[in-house]
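**Q** Below is model_29.pdb; it holds PDB, C-alpha atoms.
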ATOM      1  CA  PRO D  23      95.809   8.966  73.074
ATOM      2  CA  GLU D  24      96.134  12.694  73.693
ATOM      3  CA  VAL D  25      94.591  13.467  70.302
ATOM      4  CA  ALA D  26      91.714  11.088  71.080
ATOM      5  CA  ARG D  27      91.122  12.926  74.364
ATOM      6  CA  VAL D  28      91.128  16.288  72.600
ATOM      7  CA  TYR D  29      88.557  15.022  70.083
ATOM      8  CA  HIS D  30      86.496  13.789  73.016
ATOM      9  CA  GLN D  31      86.644  17.161  74.783
ATOM     10  CA  LEU D  32      85.875  19.056  71.583
ATOM     11  CA  SER D  33      82.865  16.839  70.932
ATOM     12  CA  MET D  34      81.548  17.696  74.397
ATOM     13  CA  PHE D  35      82.029  21.431  73.745
ATOM     14  CA  TYR D  36      80.181  21.227  70.441
ATOM     15  CA  TYR D  37      77.385  19.286  72.128
ATOM     16  CA  GLN D  38      77.052  21.985  74.803
ATOM     17  CA  LEU D  39      76.976  24.609  72.050
ATOM     18  CA  ASP D  40      74.173  22.616  70.377
ATOM     19  CA  ILE D  41      76.271  21.956  67.260
ATOM     20  CA  LYS D  42      75.164  18.344  67.229
ATOM     21  CA  ASP D  43      76.461  17.049  63.897
ATOM     22  CA  ALA D  44      79.975  18.284  64.619
ATOM     23  CA  ALA D  45      79.799  16.751  68.105
ATOM     24  CA  ALA D  46      78.914  13.356  66.628
ATOM     25  CA  GLU D  47      81.646  13.555  63.971
ATOM     26  CA  LEU D  48      84.315  14.395  66.558
ATOM     27  CA  ALA D  49      83.020  11.635  68.835
ATOM     28  CA  ARG D  50      83.481   9.126  65.989
ATOM     29  CA  LYS D  51      87.090  10.258  65.573
ATOM     30  CA  ALA D  52      87.613   9.935  69.327
ATOM     31  CA  VAL D  53      86.341   6.331  69.204
ATOM     32  CA  ILE D  54      88.608   5.381  66.285
ATOM     33  CA  LEU D  55      91.739   6.936  67.792
ATOM     34  CA  SER D  56      91.017   5.593  71.253
ATOM     35  CA  GLU D  57      90.618   2.054  69.900
ATOM     36  CA  ARG D  58      93.854   2.289  67.928
ATOM     37  CA  THR D  59      96.014   3.868  70.644
ATOM     38  CA  LEU D  60      94.530   2.620  73.916
ATOM     39  CA  GLY D  61      92.786  -0.599  72.878
ATOM     40  CA  VAL D  62      89.225  -1.717  72.271
ATOM     41  CA  ASP D  63      88.686  -2.626  75.934
ATOM     42  CA  HIS D  64      90.136   0.526  77.520
ATOM     43  CA  ASN D  65      87.826   2.500  79.785
ATOM     44  CA  GLU D  66      88.310   5.670  77.705
ATOM     45  CA  THR D  67      87.296   3.756  74.573
ATOM     46  CA  VAL D  68      84.130   2.578  76.304
ATOM     47  CA  LEU D  69      83.382   6.134  77.419
ATOM     48  CA  SER D  70      83.911   7.376  73.847
ATOM     49  CA  TYR D  71      81.377   4.825  72.586
ATOM     50  CA  LEU D  72      78.845   5.920  75.213
ATOM     51  CA  ASN D  73      79.247   9.578  74.262
ATOM     52  CA  LEU D  74      78.947   8.746  70.576
ATOM     53  CA  GLY D  75      75.720   6.900  71.364
ATOM     54  CA  LEU D  76      74.350   9.993  73.114
ATOM     55  CA  PHE D  77      75.294  12.296  70.249
ATOM     56  CA  GLU D  78      73.816   9.998  67.619
ATOM     57  CA  HIS D  79      70.585   9.915  69.630
ATOM     58  CA  VAL D  80      70.271  13.704  69.804
ATOM     59  CA  ASN D  81      70.882  13.803  66.047
ATOM     60  CA  GLY D  82      67.871  11.554  65.521
ATOM     61  CA  ARG D  83      69.882   8.420  64.766
ATOM     62  CA  THR D  84      68.674   6.438  67.762
ATOM     63  CA  THR D  85      69.015   3.000  66.150
ATOM     64  CA  GLU D  86      72.721   3.618  65.555
ATOM     65  CA  ALA D  87      73.024   5.080  69.055
ATOM     66  CA  LEU D  88      71.661   1.886  70.602
ATOM     67  CA  HIS D  89      74.197  -0.218  68.674
ATOM     68  CA  TYR D  90      77.029   1.853  70.149
ATOM     69  CA  ILE D  91      75.578   1.626  73.653
ATOM     70  CA  GLU D  92      75.095  -2.138  73.429
ATOM     71  CA  HIS D  93      78.681  -2.482  72.213
ATOM     72  CA  ALA D  94      79.903  -0.325  75.115
ATOM     73  CA  LEU D  95      77.941  -2.445  77.592
ATOM     74  CA  GLU D  96      79.521  -5.628  76.261
ATOM     75  CA  LEU D  97      82.974  -4.087  76.667
ATOM     76  CA  TRP D  98      81.978  -2.893  80.148
ATOM     77  CA  LYS D  99      81.083  -6.468  81.163
ATOM     78  CA  ILE D 100      84.466  -7.738  79.979
ATOM     79  CA  VAL D 101      86.474  -5.005  81.700
ATOM     80  CA  TYR D 102      84.531  -4.401  84.920
ATOM     81  CA  GLY D 103      82.121  -7.307  85.241
ATOM     82  CA  LEU D 104      78.345  -7.294  85.349
ATOM     83  CA  HIS D 105      77.876  -5.131  88.411
ATOM     84  CA  HIS D 106      79.639  -1.851  87.706
ATOM     85  CA  PRO D 107      77.593   1.148  88.986
ATOM     86  CA  ASP D 108      77.963   3.064  85.711
ATOM     87  CA  SER D 109      76.140   0.249  83.920
ATOM     88  CA  ILE D 110      72.955   1.386  85.675
ATOM     89  CA  THR D 111      73.075   4.796  83.993
ATOM     90  CA  THR D 112      73.949   3.264  80.630
ATOM     91  CA  LEU D 113      71.042   0.818  80.767
ATOM     92  CA  ASN D 114      68.729   3.610  81.813
ATOM     93  CA  ASN D 115      69.863   5.866  78.963
ATOM     94  CA  ALA D 116      69.210   3.080  76.468
ATOM     95  CA  ALA D 117      65.734   2.577  77.942
ATOM     96  CA  VAL D 118      64.956   6.282  77.543
ATOM     97  CA  MET D 119      66.138   6.173  73.915
ATOM     98  CA  LEU D 120      63.896   3.202  73.173
ATOM     99  CA  GLN D 121      60.998   4.981  74.817
ATOM    100  CA  SER D 122      61.562   7.997  72.568
ATOM    101  CA  MET D 123      61.227   5.600  69.598
ATOM    102  CA  LYS D 124      57.910   4.352  71.065
ATOM    103  CA  GLN D 125      59.367   0.885  71.525
ATOM    104  CA  TYR D 126      57.650   0.670  74.876
ATOM    105  CA  HIS D 127      57.961  -3.047  75.560
ATOM    106  CA  THR D 128      61.679  -3.188  74.782
ATOM    107  CA  SER D 129      62.191   0.013  76.768
ATOM    108  CA  ARG D 130      60.479  -1.602  79.729
ATOM    109  CA  ILE D 131      62.919  -4.525  79.617
ATOM    110  CA  TRP D 132      65.914  -2.174  79.764
ATOM    111  CA  PHE D 133      64.376  -0.237  82.662
ATOM    112  CA  GLU D 134      63.841  -3.547  84.493
ATOM    113  CA  LYS D 135      67.511  -4.460  84.014
ATOM    114  CA  SER D 136      68.580  -1.051  85.308
ATOM    115  CA  LEU D 137      66.355  -1.347  88.385
ATOM    116  CA  ALA D 138      67.531  -4.889  89.140
ATOM    117  CA  LEU D 139      71.162  -3.779  88.985
ATOM    118  CA  SER D 140      70.524  -0.750  91.210
ATOM    119  CA  THR D 141      68.760  -2.966  93.746
ATOM    120  CA  GLN D 142      71.850  -5.194  93.904
ATOM    121  CA  ILE D 143      74.443  -2.404  93.995
ATOM    122  CA  ALA D 144      72.795   0.530  95.797
ATOM    123  CA  GLY D 145      70.266  -1.490  97.786
ATOM    124  CA  PRO D 146      66.475  -1.916  97.586
ATOM    125  CA  ASP D 147      65.789   1.182  99.708
ATOM    126  CA  ALA D 148      68.206   3.614  98.032
ATOM    127  CA  ILE D 149      66.880   6.839  96.510
ATOM    128  CA  ALA D 150      68.494   5.880  93.179
ATOM    129  CA  THR D 151      66.545   2.623  93.258
ATOM    130  CA  GLY D 152      63.369   4.550  94.018
ATOM    131  CA  THR D 153      63.987   6.844  91.047
ATOM    132  CA  LEU D 154      64.435   3.874  88.747
ATOM    133  CA  ALA D 155      61.289   2.237  90.128
ATOM    134  CA  PHE D 156      59.456   5.487  89.333
ATOM    135  CA  GLN D 157      60.730   5.441  85.746
ATOM    136  CA  LEU D 158      59.920   1.758  85.343
ATOM    137  CA  ALA D 159      56.373   2.368  86.584
ATOM    138  CA  GLN D 160      55.902   4.983  83.855
ATOM    139  CA  ALA D 161      57.355   2.583  81.278
ATOM    140  CA  LEU D 162      54.982  -0.164  82.434
ATOM    141  CA  ALA D 163      52.043   2.212  82.061
ATOM    142  CA  LEU D 164      53.125   2.983  78.492
ATOM    143  CA  ASP D 165      53.368  -0.778  77.890
ATOM    144  CA  HIS D 166      49.741  -1.139  79.106
ATOM    145  CA  ASP D 167      50.646  -3.150  82.206
ATOM    146  CA  ALA D 168      48.547  -1.222  84.704
ATOM    147  CA  HIS D 169      48.842  -3.638  87.623
ATOM    148  CA  ALA D 170      52.656  -3.820  87.478
ATOM    149  CA  ALA D 171      52.857  -0.027  87.041
ATOM    150  CA  VAL D 172      50.933   0.504  90.290
ATOM    151  CA  SER D 173      53.177  -1.963  92.127
ATOM    152  CA  ARG D 174      56.385  -0.262  91.006
ATOM    153  CA  MET D 175      55.089   3.239  91.690
ATOM    154  CA  ARG D 176      54.085   2.097  95.177
ATOM    155  CA  ASP D 177      57.679   0.917  95.695
ATOM    156  CA  ALA D 178      59.026   4.286  94.536
ATOM    157  CA  TYR D 179      56.618   6.200  96.779
ATOM    158  CA  ALA D 180      57.557   4.093  99.820
ATOM    159  CA  ILE D 181      61.281   4.721  99.262
ATOM    160  CA  PHE D 182      60.851   8.465  98.761
ATOM    161  CA  LEU D 183      58.563   8.752 101.780
ATOM    162  CA  ALA D 184      61.040   6.914 104.025
ATOM    163  CA  LYS D 185      64.161   8.660 102.736
ATOM    164  CA  LEU D 186      62.960  12.144 101.784
ATOM    165  CA  GLY D 187      59.794  12.720 103.772
ATOM    166  CA  SER D 188      56.224  13.528 102.762
ATOM    167  CA  ASN D 189      56.947  17.134 101.738
ATOM    168  CA  ASP D 190      59.663  16.364  99.216
ATOM    169  CA  ARG D 191      58.877  17.033  95.566
ATOM    170  CA  SER D 192      59.775  13.475  94.486
ATOM    171  CA  THR D 193      57.503  11.993  97.160
ATOM    172  CA  LYS D 194      54.579  14.187  96.154
ATOM    173  CA  GLU D 195      55.089  13.431  92.466
ATOM    174  CA  ALA D 196      55.202   9.682  93.150
ATOM    175  CA  GLU D 197      52.063   9.952  95.279
ATOM    176  CA  SER D 198      50.225  11.793  92.495
ATOM    177  CA  TRP D 199      51.310   9.222  89.914
ATOM    178  CA  LEU D 200      50.316   6.391  92.245
ATOM    179  CA  GLU D 201      46.798   7.796  92.547
ATOM    180  CA  GLN D 202      46.457   8.215  88.785
ATOM    181  CA  LEU D 203      47.856   4.764  87.998
ATOM    182  CA  THR D 204      45.623   3.146  90.623
ATOM    183  CA  GLN D 205      42.556   4.802  89.128
ATOM    184  CA  ASN D 206      43.644   3.686  85.675
ATOM    185  CA  ALA D 207      44.241   0.103  86.862
ATOM    186  CA  VAL D 208      40.772  -0.008  88.418
ATOM    187  CA  SER D 209      39.258   1.322  85.206
ATOM    188  CA  VAL D 210      41.128  -1.237  83.089
ATOM    189  CA  ALA D 211      40.086  -4.077  85.398
ATOM    190  CA  LYS D 212      36.453  -2.953  85.331
ATOM    191  CA  HIS D 213      36.479  -2.729  81.543
ATOM    192  CA  ALA D 214      37.991  -6.229  81.265
ATOM    193  CA  LYS D 215      35.348  -7.557  83.648
ATOM    194  CA  ASP D 216      32.543  -5.949  81.618
ATOM    195  CA  VAL D 217      33.927  -7.401  78.388
ATOM    196  CA  GLN D 218      34.118 -10.852  79.960
ATOM    197  CA  ALA D 219      30.548 -10.551  81.270
ATOM    198  CA  ARG D 220      29.251  -9.615  77.805
ATOM    199  CA  ARG D 221      31.030 -12.618  76.292
ATOM    200  CA  LEU D 222      29.474 -14.916  78.884
ATOM    201  CA  ARG D 223      26.014 -13.517  78.176
ATOM    202  CA  ARG D 224      26.478 -14.145  74.442
ATOM    203  CA  VAL D 225      27.531 -17.734  75.176
TER     204      VAL D 225
END
Turn the structure described in the file into structure tokens.

**A**
Amino acid sequence: PEVARVYHQLSMFYYQLDIKDAAAELARKAVILSERTLGVDHNETVLSYLNLGLFEHVNGRTTEALHYIEHALELWKIVYGLHHPDSITTLNNAAVMLQSMKQYHTSRIWFEKSLALSTQIAGPDAIATGTLAFQLAQALALDHDAHAAVSRMRDAYAIFLAKLGSNDRSTKEAESWLEQLTQNAVSVAKHAKDVQARRLRRV
């Protein structure tokens, strides 16, 4: 186990030094040793899988990274249950990875899971929940769901306004996004209405 921990620490150092391939290789060794010496369901093994997923992602191997993260999440459910706070971050990281691959609809689903879990654990009015609502709103916009994007950004803005005040950077950013998304939603709705009207005239 001590050797596994050293590999884990070394992988983190290499990652911080931007030596990404070496970081990923050491992370793989940490996973193998941790599984063999601590067990497949040990919390350090799960953490090693999560770090390996991160390192594979930064090396451009996002598909492999997602496999490791999904595996870690399954282990997490077995060990800690469905409602462990760290699962929120893991789900969110996977959503960001999918978004970087332009898999916007799948990314949206992962963001929704992360937000739902945060709402249950941290509460519907928590700043963390507001941050996830903000990210989900952006994901919904990328997935061309303008109406839902406005709704989620409104939730984020309301939380930030209540918790942080009107002068906070997060509140102002959410307000700006809300205005832009609202304008976009109106434009999309108007375009859809015009298209429908033209079809009716042709009929």

**Q** Assuming the chain letters and numbering stay as they are in my file, what does the PyMOL selection byres ((chain D and resi 193) around 9) actually select? List them as a PyMOL selection string.

**A** chain D and resi 178-183+186-192+194-198

**Q** Let me see the file: selected residues, C-alpha atoms, as a PDB file, keeping the file's coordinate frame.

**A**
ATOM      1  CA  ALA D 178      59.026   4.286  94.536  1.00  0.00           C
ATOM      2  CA  TYR D 179      56.618   6.200  96.779  1.00  0.00           C
ATOM      3  CA  ALA D 180      57.557   4.093  99.820  1.00  0.00           C
ATOM      4  CA  ILE D 181      61.281   4.721  99.262  1.00  0.00           C
ATOM      5  CA  PHE D 182      60.851   8.465  98.761  1.00  0.00           C
ATOM      6  CA  LEU D 183      58.563   8.752 101.780  1.00  0.00           C
ATOM      7  CA  LEU D 186      62.960  12.144 101.784  1.00  0.00           C
ATOM      8  CA  GLY D 187      59.794  12.720 103.772  1.00  0.00           C
ATOM      9  CA  SER D 188      56.224  13.528 102.762  1.00  0.00           C
ATOM     10  CA  ASN D 189      56.947  17.134 101.738  1.00  0.00           C
ATOM     11  CA  ASP D 190      59.663  16.364  99.216  1.00  0.00           C
ATOM     12  CA  ARG D 191      58.877  17.033  95.566  1.00  0.00           C
ATOM     13  CA  SER D 192      59.775  13.475  94.486  1.00  0.00           C
ATOM     14  CA  LYS D 194      54.579  14.187  96.154  1.00  0.00           C
ATOM     15  CA  GLU D 195      55.089  13.431  92.466  1.00  0.00           C
ATOM     16  CA  ALA D 196      55.202   9.682  93.150  1.00  0.00           C
ATOM     17  CA  GLU D 197      52.063   9.952  95.279  1.00  0.00           C
ATOM     18  CA  SER D 198      50.225  11.793  92.495  1.00  0.00           C
TER      19      SER D 198
END

**Q** Please indicate the distance in Å from CA of Ala144 in chain D to CA of His64 in chain D, rounded to one decimal place.

**A**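 So the two atoms, CA of Ala144 in chain D and CA of His64 in chain D, lie 25.2 Å apart.
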
**Q** Residue by residue, what does the PyMOL selection byres ((chain D and resi 41-47) around 10) grab here? Present the result as a ChimeraX atom specification.

**A** /D:29-40,48-52,73-81

**Q** Can you spit out the residues from that selection as a PDB file, in the frame of the given file, using C-alpha atoms?

**A**
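To be explicit, this is the file written out as out-v6.pdb:
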ATOM      1  CA  TYR D  29      88.557  15.022  70.083  1.00  0.00           C
ATOM      2  CA  HIS D  30      86.496  13.789  73.016  1.00  0.00           C
ATOM      3  CA  GLN D  31      86.644  17.161  74.783  1.00  0.00           C
ATOM      4  CA  LEU D  32      85.875  19.056  71.583  1.00  0.00           C
ATOM      5  CA  SER D  33      82.865  16.839  70.932  1.00  0.00           C
ATOM      6  CA  MET D  34      81.548  17.696  74.397  1.00  0.00           C
ATOM      7  CA  PHE D  35      82.029  21.431  73.745  1.00  0.00           C
ATOM      8  CA  TYR D  36      80.181  21.227  70.441  1.00  0.00           C
ATOM      9  CA  TYR D  37      77.385  19.286  72.128  1.00  0.00           C
ATOM     10  CA  GLN D  38      77.052  21.985  74.803  1.00  0.00           C
ATOM     11  CA  LEU D  39      76.976  24.609  72.050  1.00  0.00           C
ATOM     12  CA  ASP D  40      74.173  22.616  70.377  1.00  0.00           C
ATOM     13  CA  LEU D  48      84.315  14.395  66.558  1.00  0.00           C
ATOM     14  CA  ALA D  49      83.020  11.635  68.835  1.00  0.00           C
ATOM     15  CA  ARG D  50      83.481   9.126  65.989  1.00  0.00           C
ATOM     16  CA  LYS D  51      87.090  10.258  65.573  1.00  0.00           C
ATOM     17  CA  ALA D  52      87.613   9.935  69.327  1.00  0.00           C
ATOM     18  CA  ASN D  73      79.247   9.578  74.262  1.00  0.00           C
ATOM     19  CA  LEU D  74      78.947   8.746  70.576  1.00  0.00           C
ATOM     20  CA  GLY D  75      75.720   6.900  71.364  1.00  0.00           C
ATOM     21  CA  LEU D  76      74.350   9.993  73.114  1.00  0.00           C
ATOM     22  CA  PHE D  77      75.294  12.296  70.249  1.00  0.00           C
ATOM     23  CA  GLU D  78      73.816   9.998  67.619  1.00  0.00           C
ATOM     24  CA  HIS D  79      70.585   9.915  69.630  1.00  0.00           C
ATOM     25  CA  VAL D  80      70.271  13.704  69.804  1.00  0.00           C
ATOM     26  CA  ASN D  81      70.882  13.803  66.047  1.00  0.00           C
TER      27      ASN D  81
END

**Q** For a quick check of understanding, using all atoms listed in the file, which of D:Val28, D:Val101, D:Ile149, D:Leu162 has the smallest distance to Ile131 in chain D?

**A**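 With all atoms listed in the file as the atom set, the closest residue is D:Leu162.
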
**Q** Using the chain letters and residue numbers of this document, give as an MDAnalysis selection string the residues selected by the PyMOL selection byres ((chain D and resi 56-59) around 10).

**A** chainID D and resid 23:27 29:30 50:55 60:71

**Q** Identify which of the residues D:Asp177, D:Glu92, D:Asp108, D:Asp167 lies closest to Ile143 in chain D, counting all atoms listed in the file when measuring atom-to-atom distances.

**A**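 Ranking D:Asp177, D:Glu92, D:Asp108, D:Asp167 by distance to Ile143 in chain D, first place goes to D:Asp108.
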